[in-house]
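These notes concern the structure reproduced below.
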Protein chains: 2
Amino acid sequence: MENALRAIAEPNRRRILELVAGQERSAGEIAAQFSISRPAVSQHLTVLKGAGLVSERREGTKRLYSVRSEGFEDLRAFLETFWGDGLERLKIAAEHEEGRRRRDRRPA
Amino acid sequence: MENALRAIAEPNRRRILELVAGQERSAGEIAAQFSISRPAVSQHLTVLKGAGLVSERREGTKRLYSVRSEGFEDLRAFLETFWGDGLERLKIAAEHEEGRRRRDRRPA
DNA sequence: GCCTTACGTAAGGAGTCGCTTACAATGGAG
DNA sequence: CTCCATTGTAAGCGACTCCTTACGTAAGGC
């Protein structure tokens, strides 16, 4: 998950993910959408692949990239802690612990 | 969202978030959990606050931090694109576009 | 074989990040 | 007012990031 988080922290990589989200695309096709150099995009693709967020498929001389949604599952799990129910559950747990500590300090 | 993503990409900051998730905690209380220096933790807290992921409340000389779940909303929206329904919808849209392009190229 | 197309890899440089130590600021206790 | 506790801020340093240009590699077309 570490790698995935660092990967999506970079704006160009996020744009790449959005590009390949709905549609498999070749490296060149992707690079054409950017002002940065083609090797720079290639490096970003390597990072995304290393993070498990995209998969690569070779076809002749081309390399086709697409989103690998399994790679996002750990992120989902981690982040769900911080919104909605996950946070609620944590708060309740913390309050219980708080009560226990108070009782230990000044026992009835 | 940019700031939030960069903020959570750092392991120590993630640990801080987990610490303050269930329970409001003071800066010192947080720093005590880390091997890095107290100023380093303070800097991380500044980053998290700047990203809107934690809120700060002053009480006497102490500063109490807690998770601000609204700060995670944009992340949720962005990431939902890449798992489950969001990705499905994008794929269908891409296929339609693909079909349209084929028709344009070789009209019936 | 030779050329072209499509792409990754290597090397190096500017900028950013996260850490440390030293110092400043603010609030409460006496 | 002085002292202590709690915290942020400043300055500087090594490590990492992202970019560029130059070069290497592999699959076709002819």
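We label chains A, B, ... in the order they appear in the structure tokens, count residues from 1 in each chain, and number ligands from 1 in the order shown.
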| request: Tell me, as a PyMOL selection string, which residues lie within 10 Å of C:DA6, counting only C-alpha atoms (C1' of nucleotides); anything in the same chain fewer than 4 positions away does not count. | output: (chain A and resi 26-28+60-63) or (chain D and resi 26-27)
Residues just named, written with C-alpha atoms (C1' of nucleotides) as a PDB file, in the first residue's frame:
```pdb
ATOM      1  CA  SER A  26      -0.470   2.169 -25.322  1.00  0.00           C
ATOM      2  CA  ALA A  27       2.508   3.944 -23.768  1.00  0.00           C
ATOM      3  CA  GLY A  28       2.817   6.280 -26.733  1.00  0.00           C
ATOM      4  CA  GLY A  60       3.828  -6.600 -31.034  1.00  0.00           C
ATOM      5  CA  THR A  61       6.064  -3.666 -30.298  1.00  0.00           C
ATOM      6  CA  LYS A  62       3.411  -1.883 -28.279  1.00  0.00           C
ATOM      7  CA  ARG A  63       2.752  -2.057 -24.575  1.00  0.00           C
TER       8      ARG A  63
ATOM      9  C1'  DA D  26      13.039  -5.632 -29.513  1.00  0.00           C
ATOM     10  C1'  DA D  27       9.410  -6.490 -33.053  1.00  0.00           C
TER      11       DA D  27
END
```
Put chain A on top of chain B with a least-squares fit on all C-alpha atoms, paired in order, and send it back as a compact mmCIF listing (two decimals) with N, CA and C atoms, in the first residue's frame.
```
# COMPACT_ATOMS: atom_id res chain seq x y z
N MET A 1 -7.22 18.20 -2.71
CA MET A 1 -6.99 16.75 -2.65
C MET A 1 -5.51 16.42 -2.84
N GLU A 2 -4.92 17.17 -3.72
CA GLU A 2 -3.47 17.05 -3.91
C GLU A 2 -2.72 16.98 -2.58
N ASN A 3 -2.96 17.98 -1.73
CA ASN A 3 -2.26 18.02 -0.44
C ASN A 3 -2.59 16.81 0.42
N ALA A 4 -3.84 16.43 0.41
CA ALA A 4 -4.26 15.29 1.22
C ALA A 4 -3.52 14.02 0.79
N LEU A 5 -3.41 13.83 -0.51
CA LEU A 5 -2.73 12.63 -1.01
C LEU A 5 -1.26 12.63 -0.63
N ARG A 6 -0.62 13.76 -0.80
CA ARG A 6 0.80 13.82 -0.44
C ARG A 6 0.94 13.60 1.07
N ALA A 7 -0.01 14.11 1.82
CA ALA A 7 0.05 13.98 3.27
C ALA A 7 0.00 12.52 3.70
N ILE A 8 -0.95 11.77 3.16
CA ILE A 8 -1.10 10.39 3.61
C ILE A 8 -0.08 9.45 2.97
N ALA A 9 0.71 9.96 2.04
CA ALA A 9 1.74 9.12 1.42
C ALA A 9 2.89 8.86 2.39
N GLU A 10 2.97 9.62 3.45
CA GLU A 10 4.09 9.50 4.38
C GLU A 10 3.71 8.59 5.55
N PRO A 11 4.50 7.55 5.82
CA PRO A 11 4.15 6.55 6.84
C PRO A 11 3.92 7.14 8.23
N ASN A 12 4.79 8.03 8.67
CA ASN A 12 4.62 8.61 10.01
C ASN A 12 3.32 9.39 10.10
N ARG A 13 2.98 10.09 9.04
CA ARG A 13 1.73 10.85 9.06
C ARG A 13 0.53 9.91 9.10
N ARG A 14 0.63 8.78 8.42
CA ARG A 14 -0.47 7.81 8.50
C ARG A 14 -0.62 7.31 9.93
N ARG A 15 0.49 7.04 10.58
CA ARG A 15 0.42 6.59 11.97
C ARG A 15 -0.23 7.65 12.85
N ILE A 16 0.13 8.91 12.60
CA ILE A 16 -0.48 9.99 13.37
C ILE A 16 -1.99 9.98 13.16
N LEU A 17 -2.41 9.85 11.92
CA LEU A 17 -3.85 9.83 11.63
C LEU A 17 -4.53 8.70 12.39
N GLU A 18 -3.90 7.54 12.40
CA GLU A 18 -4.50 6.41 13.11
C GLU A 18 -4.59 6.70 14.61
N LEU A 19 -3.57 7.40 15.13
CA LEU A 19 -3.58 7.72 16.56
C LEU A 19 -4.73 8.66 16.92
N VAL A 20 -4.95 9.67 16.11
CA VAL A 20 -5.97 10.65 16.44
C VAL A 20 -7.34 10.29 15.87
N ALA A 21 -7.42 9.13 15.24
CA ALA A 21 -8.69 8.75 14.60
C ALA A 21 -9.79 8.54 15.62
N GLY A 22 -9.53 7.76 16.64
CA GLY A 22 -10.60 7.44 17.59
C GLY A 22 -10.66 8.41 18.75
N GLN A 23 -9.62 9.22 18.89
CA GLN A 23 -9.44 9.96 20.12
C GLN A 23 -8.66 11.24 19.86
N GLU A 24 -9.14 12.32 20.44
CA GLU A 24 -8.41 13.58 20.38
C GLU A 24 -7.15 13.46 21.22
N ARG A 25 -6.01 13.92 20.68
CA ARG A 25 -4.76 13.78 21.41
C ARG A 25 -3.91 15.05 21.30
N SER A 26 -3.10 15.28 22.32
CA SER A 26 -2.23 16.45 22.32
C SER A 26 -0.98 16.16 21.49
N ALA A 27 -0.31 17.22 21.06
CA ALA A 27 0.90 17.09 20.25
C ALA A 27 1.95 16.25 20.97
N GLY A 28 2.13 16.51 22.25
CA GLY A 28 3.14 15.78 23.01
C GLY A 28 2.80 14.31 23.14
N GLU A 29 1.52 14.05 23.40
CA GLU A 29 1.04 12.68 23.50
C GLU A 29 1.34 11.92 22.21
N ILE A 30 1.12 12.58 21.10
CA ILE A 30 1.39 11.95 19.81
C ILE A 30 2.88 11.72 19.63
N ALA A 31 3.65 12.77 19.88
CA ALA A 31 5.10 12.68 19.67
C ALA A 31 5.72 11.56 20.49
N ALA A 32 5.15 11.30 21.67
CA ALA A 32 5.69 10.27 22.56
C ALA A 32 5.66 8.89 21.92
N GLN A 33 4.79 8.71 20.93
CA GLN A 33 4.66 7.40 20.29
C GLN A 33 5.72 7.17 19.21
N PHE A 34 6.52 8.19 18.92
CA PHE A 34 7.45 8.09 17.80
C PHE A 34 8.90 8.13 18.25
N SER A 35 9.74 7.56 17.41
CA SER A 35 11.18 7.60 17.67
C SER A 35 11.79 8.88 17.10
N ILE A 36 11.14 9.47 16.11
CA ILE A 36 11.65 10.72 15.57
C ILE A 36 11.43 11.86 16.57
N SER A 37 12.11 12.99 16.35
CA SER A 37 12.07 14.08 17.31
C SER A 37 10.69 14.73 17.40
N ARG A 38 10.42 15.42 18.49
CA ARG A 38 9.15 16.10 18.68
C ARG A 38 8.90 17.17 17.62
N PRO A 39 9.91 18.00 17.26
CA PRO A 39 9.67 18.95 16.18
C PRO A 39 9.27 18.27 14.86
N ALA A 40 9.87 17.13 14.57
CA ALA A 40 9.51 16.42 13.34
C ALA A 40 8.01 16.10 13.35
N VAL A 41 7.53 15.62 14.49
CA VAL A 41 6.10 15.30 14.60
C VAL A 41 5.27 16.57 14.44
N SER A 42 5.74 17.65 15.04
CA SER A 42 5.03 18.92 14.91
C SER A 42 4.91 19.32 13.45
N GLN A 43 5.97 19.14 12.69
CA GLN A 43 5.94 19.46 11.26
C GLN A 43 4.93 18.58 10.54
N HIS A 44 4.90 17.32 10.88
CA HIS A 44 3.92 16.42 10.26
C HIS A 44 2.49 16.89 10.58
N LEU A 45 2.28 17.30 11.81
CA LEU A 45 0.95 17.79 12.20
C LEU A 45 0.56 19.02 11.38
N THR A 46 1.54 19.89 11.15
CA THR A 46 1.27 21.08 10.33
C THR A 46 0.83 20.66 8.92
N VAL A 47 1.52 19.67 8.37
CA VAL A 47 1.17 19.20 7.02
C VAL A 47 -0.25 18.63 7.02
N LEU A 48 -0.55 17.81 8.00
CA LEU A 48 -1.88 17.18 8.07
C LEU A 48 -2.97 18.24 8.22
N LYS A 49 -2.68 19.24 9.02
CA LYS A 49 -3.65 20.31 9.21
C LYS A 49 -3.84 21.10 7.92
N GLY A 50 -2.73 21.39 7.25
CA GLY A 50 -2.79 22.10 5.97
C GLY A 50 -3.57 21.34 4.92
N ALA A 51 -3.54 20.03 5.02
CA ALA A 51 -4.27 19.19 4.06
C ALA A 51 -5.73 19.02 4.47
N GLY A 52 -6.09 19.56 5.63
CA GLY A 52 -7.48 19.46 6.08
C GLY A 52 -7.83 18.10 6.64
N LEU A 53 -6.84 17.30 7.00
CA LEU A 53 -7.12 15.95 7.48
C LEU A 53 -7.25 15.88 8.99
N VAL A 54 -6.70 16.87 9.69
CA VAL A 54 -6.90 16.96 11.14
C VAL A 54 -7.31 18.39 11.49
N SER A 55 -7.96 18.52 12.63
CA SER A 55 -8.27 19.85 13.14
C SER A 55 -7.57 20.05 14.47
N GLU A 56 -7.28 21.31 14.78
CA GLU A 56 -6.53 21.63 15.99
C GLU A 56 -7.41 22.44 16.92
N ARG A 57 -7.32 22.14 18.21
CA ARG A 57 -8.09 22.87 19.20
C ARG A 57 -7.12 23.19 20.34
N ARG A 58 -7.11 24.44 20.81
CA ARG A 58 -6.16 24.79 21.86
C ARG A 58 -6.85 24.75 23.22
N GLU A 59 -6.12 24.25 24.17
CA GLU A 59 -6.65 24.18 25.53
C GLU A 59 -5.47 24.48 26.46
N GLY A 60 -5.46 25.71 27.00
CA GLY A 60 -4.31 26.14 27.78
C GLY A 60 -3.09 26.14 26.89
N THR A 61 -2.03 25.53 27.37
CA THR A 61 -0.81 25.48 26.57
C THR A 61 -0.78 24.29 25.62
N LYS A 62 -1.77 23.43 25.74
CA LYS A 62 -1.78 22.24 24.87
C LYS A 62 -2.51 22.49 23.56
N ARG A 63 -2.17 21.66 22.59
CA ARG A 63 -2.90 21.68 21.32
C ARG A 63 -3.42 20.29 21.06
N LEU A 64 -4.71 20.19 20.89
CA LEU A 64 -5.35 18.88 20.75
C LEU A 64 -5.75 18.66 19.30
N TYR A 65 -5.37 17.52 18.79
CA TYR A 65 -5.63 17.19 17.39
C TYR A 65 -6.63 16.05 17.27
N SER A 66 -7.45 16.14 16.21
CA SER A 66 -8.38 15.04 15.94
C SER A 66 -8.63 14.96 14.43
N VAL A 67 -9.11 13.80 14.00
CA VAL A 67 -9.36 13.60 12.56
C VAL A 67 -10.50 14.48 12.10
N ARG A 68 -10.36 15.01 10.89
CA ARG A 68 -11.40 15.81 10.26
C ARG A 68 -11.86 15.04 9.03
N SER A 69 -12.94 14.27 9.19
CA SER A 69 -13.25 13.30 8.13
C SER A 69 -13.70 13.97 6.83
N GLU A 70 -14.21 15.20 6.91
CA GLU A 70 -14.55 15.90 5.66
C GLU A 70 -13.35 15.97 4.72
N GLY A 71 -12.18 16.06 5.32
CA GLY A 71 -10.96 16.17 4.52
C GLY A 71 -10.69 14.96 3.65
N PHE A 72 -11.38 13.85 3.95
CA PHE A 72 -11.15 12.62 3.21
C PHE A 72 -12.13 12.42 2.06
N GLU A 73 -13.11 13.32 1.97
CA GLU A 73 -14.18 13.06 1.00
C GLU A 73 -13.73 13.13 -0.44
N ASP A 74 -12.89 14.10 -0.76
CA ASP A 74 -12.41 14.18 -2.14
C ASP A 74 -11.61 12.93 -2.52
N LEU A 75 -10.80 12.48 -1.56
CA LEU A 75 -10.04 11.25 -1.80
C LEU A 75 -10.98 10.11 -2.12
N ARG A 76 -12.02 10.00 -1.32
CA ARG A 76 -12.98 8.93 -1.51
C ARG A 76 -13.55 8.99 -2.92
N ALA A 77 -13.96 10.19 -3.33
CA ALA A 77 -14.56 10.37 -4.65
C ALA A 77 -13.58 9.96 -5.75
N PHE A 78 -12.35 10.42 -5.61
CA PHE A 78 -11.35 10.10 -6.64
C PHE A 78 -11.11 8.60 -6.72
N LEU A 79 -10.91 7.98 -5.57
CA LEU A 79 -10.54 6.57 -5.56
C LEU A 79 -11.68 5.66 -5.97
N GLU A 80 -12.92 6.11 -5.70
CA GLU A 80 -14.06 5.26 -6.06
C GLU A 80 -14.14 5.03 -7.56
N THR A 81 -13.49 5.93 -8.30
CA THR A 81 -13.43 5.74 -9.76
C THR A 81 -12.78 4.41 -10.12
N PHE A 82 -11.90 3.93 -9.26
CA PHE A 82 -11.05 2.82 -9.66
C PHE A 82 -11.44 1.47 -9.08
N TRP A 83 -12.51 1.45 -8.33
CA TRP A 83 -12.95 0.12 -7.88
C TRP A 83 -14.46 0.01 -8.07
N GLY A 84 -14.89 -1.21 -8.34
CA GLY A 84 -16.32 -1.48 -8.40
C GLY A 84 -17.06 -0.71 -9.46
N ASP A 85 -18.20 -0.14 -9.08
CA ASP A 85 -19.11 0.48 -10.03
C ASP A 85 -18.48 1.60 -10.83
N GLY A 86 -17.69 2.44 -10.18
CA GLY A 86 -17.09 3.57 -10.88
C GLY A 86 -16.33 3.11 -12.11
N LEU A 87 -15.52 2.08 -11.95
CA LEU A 87 -14.74 1.55 -13.05
C LEU A 87 -15.65 0.96 -14.12
N GLU A 88 -16.68 0.25 -13.70
CA GLU A 88 -17.63 -0.33 -14.65
C GLU A 88 -18.22 0.75 -15.55
N ARG A 89 -18.66 1.82 -14.91
CA ARG A 89 -19.29 2.90 -15.68
C ARG A 89 -18.31 3.47 -16.70
N LEU A 90 -17.07 3.67 -16.26
CA LEU A 90 -16.06 4.20 -17.17
C LEU A 90 -15.84 3.27 -18.36
N LYS A 91 -15.80 1.96 -18.09
CA LYS A 91 -15.55 0.99 -19.15
C LYS A 91 -16.64 1.03 -20.20
N ILE A 92 -17.87 1.09 -19.74
CA ILE A 92 -19.00 1.16 -20.67
C ILE A 92 -18.91 2.42 -21.52
N ALA A 93 -18.62 3.52 -20.87
CA ALA A 93 -18.48 4.78 -21.60
C ALA A 93 -17.39 4.66 -22.66
N ALA A 94 -16.26 4.04 -22.30
CA ALA A 94 -15.16 3.89 -23.23
C ALA A 94 -15.54 3.01 -24.42
N GLU A 95 -16.28 1.95 -24.16
CA GLU A 95 -16.69 1.06 -25.24
C GLU A 95 -17.62 1.78 -26.21
N HIS A 96 -18.53 2.57 -25.69
CA HIS A 96 -19.41 3.35 -26.55
C HIS A 96 -18.61 4.26 -27.46
N GLU A 97 -17.65 4.93 -26.86
CA GLU A 97 -16.81 5.85 -27.62
C GLU A 97 -16.04 5.09 -28.69
N GLU A 98 -15.53 3.94 -28.31
CA GLU A 98 -14.80 3.06 -29.23
C GLU A 98 -15.69 2.73 -30.43
N GLY A 99 -16.91 2.32 -30.18
CA GLY A 99 -17.84 1.98 -31.25
C GLY A 99 -18.08 3.17 -32.16
N ARG A 100 -18.26 4.33 -31.55
CA ARG A 100 -18.51 5.53 -32.32
C ARG A 100 -17.33 5.81 -33.26
N ARG A 101 -16.12 5.63 -32.72
CA ARG A 101 -14.95 5.91 -33.53
C ARG A 101 -14.85 4.94 -34.71
N ARG A 102 -15.14 3.66 -34.46
CA ARG A 102 -15.11 2.67 -35.54
C ARG A 102 -16.10 3.05 -36.64
N ARG A 103 -17.28 3.45 -36.23
CA ARG A 103 -18.30 3.81 -37.21
C ARG A 103 -17.85 5.02 -38.04
N ASP A 104 -17.21 5.98 -37.39
CA ASP A 104 -16.75 7.18 -38.10
C ASP A 104 -15.71 6.82 -39.16
N ARG A 105 -14.83 5.86 -38.78
CA ARG A 105 -13.73 5.51 -39.66
C ARG A 105 -14.23 4.75 -40.92
N ARG A 106 -15.14 3.79 -40.66
CA ARG A 106 -15.63 2.95 -41.76
C ARG A 106 -17.17 2.98 -41.71
N PRO A 107 -17.74 4.04 -42.23
CA PRO A 107 -19.18 4.23 -42.09
C PRO A 107 -19.93 3.15 -42.86
N ALA A 108 -21.07 2.74 -42.32
CA ALA A 108 -21.87 1.67 -42.95
C ALA A 108 -22.40 2.17 -44.28
```
| request: Could you list, as number ranges by chain, the residues of chain D having an atom within 12 Å of chain A when counting only C-alpha atoms (C1' of nucleotides)? | output: D: 17-22, 25-28
| Backbone DSSP call of strand (DSSP E or B) for stretch 10-98 of chain B, listed as a list in words | Arg25, Ser26, Val54, Ser55, Glu56, Arg57, Arg58, Glu59, Lys62, Arg63, Leu64, Tyr65, Ser66 and Val67 of chain B
Using C-alpha atoms, can you write the selected residues to a file as a PDB file, in the first residue's frame?
```pdb
ATOM      1  CA  ARG B  25      -4.778  13.757  21.418  1.00  0.00           C
ATOM      2  CA  SER B  26      -2.244  16.416  22.343  1.00  0.00           C
ATOM      3  CA  VAL B  54      -6.900  16.952  11.148  1.00  0.00           C
ATOM      4  CA  SER B  55      -8.302  19.837  13.160  1.00  0.00           C
ATOM      5  CA  GLU B  56      -6.558  21.608  16.012  1.00  0.00           C
ATOM      6  CA  ARG B  57      -8.130  22.837  19.237  1.00  0.00           C
ATOM      7  CA  ARG B  58      -6.216  24.757  21.906  1.00  0.00           C
ATOM      8  CA  GLU B  59      -6.686  24.113  25.570  1.00  0.00           C
ATOM      9  CA  LYS B  62      -1.802  22.165  24.920  1.00  0.00           C
ATOM     10  CA  ARG B  63      -2.971  21.641  21.359  1.00  0.00           C
ATOM     11  CA  LEU B  64      -5.400  18.840  20.772  1.00  0.00           C
ATOM     12  CA  TYR B  65      -5.666  17.173  17.394  1.00  0.00           C
ATOM     13  CA  SER B  66      -8.398  15.020  15.922  1.00  0.00           C
ATOM     14  CA  VAL B  67      -9.362  13.598  12.546  1.00  0.00           C
TER      15      VAL B  67
END
```
| field | Residues flagged alpha helix (DSSP H) by DSSP in chain B, as a PyMOL selection string | value | chain B and resi 2-8+11-21+27-31+38-50+73-80+85-105
Please identify every residue of chain C that has at least one atom no farther than 12 Å from an atom of chain B, counting only C-alpha atoms (C1' of nucleotides), and for each give the shortest atom pair and the distance in Å to one decimal, arranged by chain then increasing number, as CSV.
```
residue,atom,partner,partner_atom,distance
C:DC17,C1',B:Glu10,CA,10.0
C:DG18,C1',B:Ala40,CA,7.7
C:DC19,C1',B:Ala40,CA,6.8
C:DT20,C1',B:Ser37,CA,7.8
C:DT21,C1',B:Pro39,CA,10.0
C:DA22,C1',B:Pro39,CA,11.4
C:DA25,C1',B:Thr61,CA,10.9
C:DT26,C1',B:Thr61,CA,7.1
C:DG27,C1',B:Thr61,CA,5.1
C:DG28,C1',B:Gly60,CA,7.5
```
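Of the residues under consideration (D:DC16, D:DC30, D:DA10, D:DC23), D:DC23 shows the shortest atom-to-atom contact distance to C:DT9 when counting only C-alpha atoms (C1' of nucleotides).
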| task | To one decimal in Å, tell me the separation between atom C1' of D:DA11 and atom C1' of C:DG12. | result | 27.5 Å
